[in-house]
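Contents: one structure, followed by commentary.
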Amino acid sequence: MNGKEAPGGMKRGGSDRLAESDSIYRNAWINWFMLAGVLLLTTFGLITALPPLLSARIANPWPWVKTDLVLLIGLSATVLLFVTYLTMQQRQVMRMHRDIQKLKLELEERIVLHTRRLSALSEISHTMGAETDLRVIFDRITRTCMEKFASARASLMLYDKERRELVVESIWGPYEKNIMKMRCEIDSGIAGWVARNGKPLLLNGPEDVANYPELKLKDSSTSSAIVVPITVRNELVGVLNVSRSPEGARYEIEDLFALQIFAQNAGSCIRHAEQINWMRQMVPRLNGQPQKA
């Protein structure tokens with residue numbers, strides 16, 4: 001099964017399971033109606049048939065007057081309570097069954113979307129690999145993050161090894177003009193923590209931020225965000241950030257995995273372009289030719 005057929009096959013499988021779930025749902029209610037009908041018909045049949053038969057007896061078998069009537073009423077009440085209990089349990093089981101089926105279909109859809117996004121990111125990475133203009137690569141990385149991760153803001157920060165700082169080289173979203181080329185120390189902030197520890201962060205609000213008290217955030221009302229390091233051969237290249245507005249959907253763990261894979265490919269593209277540019281500068285020097293401005 002190739003990459004294009006897999007999503008469709010998974011979707012058809014999900015539709016088949018949903019149809020099977022609906023069939024089980026209908027059959028369960030049919031069985032319940034049959035059971036409840038038999039119990040109710042049997043009970044009301046006894047109530048209708050027994051009193052005339054008992055009243056025709058010469059001797060009353062019970063020690064109290066109209067004991068048979070009390071027993072029949074008690075039987076009716078018991079059956080009604082039992083049917084009511086069965087109804088409540090049936091509805092609860094069916095509700096749980098539908099929730100489980102819905103959750104399974106949602107997971108399958110998320111897997112399909114994740115697979116398609118990884119495929120698209122891989123194609124974009126191959127395209128960037130043929131590009132040698134670093135500015136074009138930087139902007140394409142952040143623009144891809146905006147499109148494929150439904151971000152409200154995406155930024156790329158490169159690591160300046162000499163000054164131990166992260167420099168914003170590309171950003172899409174609010175305040176992009178004010179933040180371009182901004183520098184931050186590697187010992188502070190979320191991006192600095194990710195760069196320093198080499199670990200990604202998935203933050204969905206203050207509850208996640210509270211798990212990292214060492215970050216010392218100025219604003220605890222952080223929206224859903226993912227921050228991943230860009231590394232090549234265990235060497236830090238930079239940090240990639242994506243975030244959503246507070247009213248947007250939350251990022252999930254598969255979003256983090258996808259961004260990590262894209263960051264690895266982006267790092268390779270950046271290093272490849274840097275090497276090509278370095279070679280272009282060195283060849284004229286080695287040949288004794290004046291370097292072009």
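In the structure tokens, each chain is lettered A, B, ... as it comes, each chain's residues begin at 1, and ligands are numbered from 1 in order of appearance.
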With a distance cut-off of 8 Å and only C-alpha atoms, select the neighbouring residues of range 117-127 of chain A, excluding the residue or stretch itself and same-chain residues fewer than 2 positions from it, and output the selection as number ranges by chain.
A: 113-115, 129-131, 144, 148, 258, 262, 265-266, 269
Please report the interatomic distance between CA of Leu259 in chain A and CA of Lys161 in chain A in Å with one decimal.
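Atom-to-atom, CA of Leu259 in chain A and CA of Lys161 in chain A are spaced 23.5 Å apart.
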List every residue of range 106-177 of chain A that DSSP, applied to the backbone, labels as alpha helix (DSSP H), and write the result as an MDAnalysis selection string.
chainID A and resid 106:129 134:148 176:177
List the neighbours of Ser245 in chain A out to 10 Å using only C-alpha atoms; skip same-chain residues closer than 3 positions along the sequence, and give me the result as a PyMOL selection string.
chain A and resi 151-153+222-225+248-250
Would you save the residues from that selection as a PDB file, in the first residue's frame, using C-alpha atoms?
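Written output follows (part-v9.pdb):
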```pdb
ATOM      1  CA  SER A 151      -0.012  28.894  13.559  1.00  0.00           C
ATOM      2  CA  ALA A 152      -0.782  32.460  14.483  1.00  0.00           C
ATOM      3  CA  ARG A 153       2.938  33.111  14.690  1.00  0.00           C
ATOM      4  CA  THR A 222       0.905  31.569  27.272  1.00  0.00           C
ATOM      5  CA  SER A 223      -1.245  30.197  24.461  1.00  0.00           C
ATOM      6  CA  SER A 224      -0.626  26.817  22.862  1.00  0.00           C
ATOM      7  CA  ALA A 225       2.946  26.732  21.579  1.00  0.00           C
ATOM      8  CA  GLY A 248      -7.331  28.508  18.707  1.00  0.00           C
ATOM      9  CA  ALA A 249      -7.059  24.752  19.051  1.00  0.00           C
ATOM     10  CA  ARG A 250      -4.406  23.249  21.292  1.00  0.00           C
TER      11      ARG A 250
END
```
What does the distance from CA of Trp172 in chain A to CA of Gly189 in chain A come to in Å, to one decimal?
19.5 Å
Extract, using only C-alpha atoms, all DNA, RNA and protein residues at most 7 Å from Ser76 in chain A, discarding same-chain residues fewer than 4 positions from it, and format them as a tab-separated table (two decimals) with C-alpha atoms, in the first residue's frame.
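The file below, result-v5.tsv, is the result:
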```tsv
chain	number	residue	atom	x	y	z
A	43	THR	CA	-46.71	-9.55	34.08
A	72	LEU	CA	-49.57	-9.15	41.93
A	80	LEU	CA	-41.43	-1.97	36.13
```
If you count only C-alpha atoms, which residues fall within 6 Å of range 178-184 of chain A, apart from same-chain ones fewer than 3 positions away, as a list in words?
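Close residues of range 178-184 of chain A: Glu165, Leu166, Val167, Val168, Glu169 and Tyr175 of chain A.
For the atom pair formed by CA of Glu274 in chain A and CA of Thr132 in chain A, the distance is 7.7 Å, given to one decimal.
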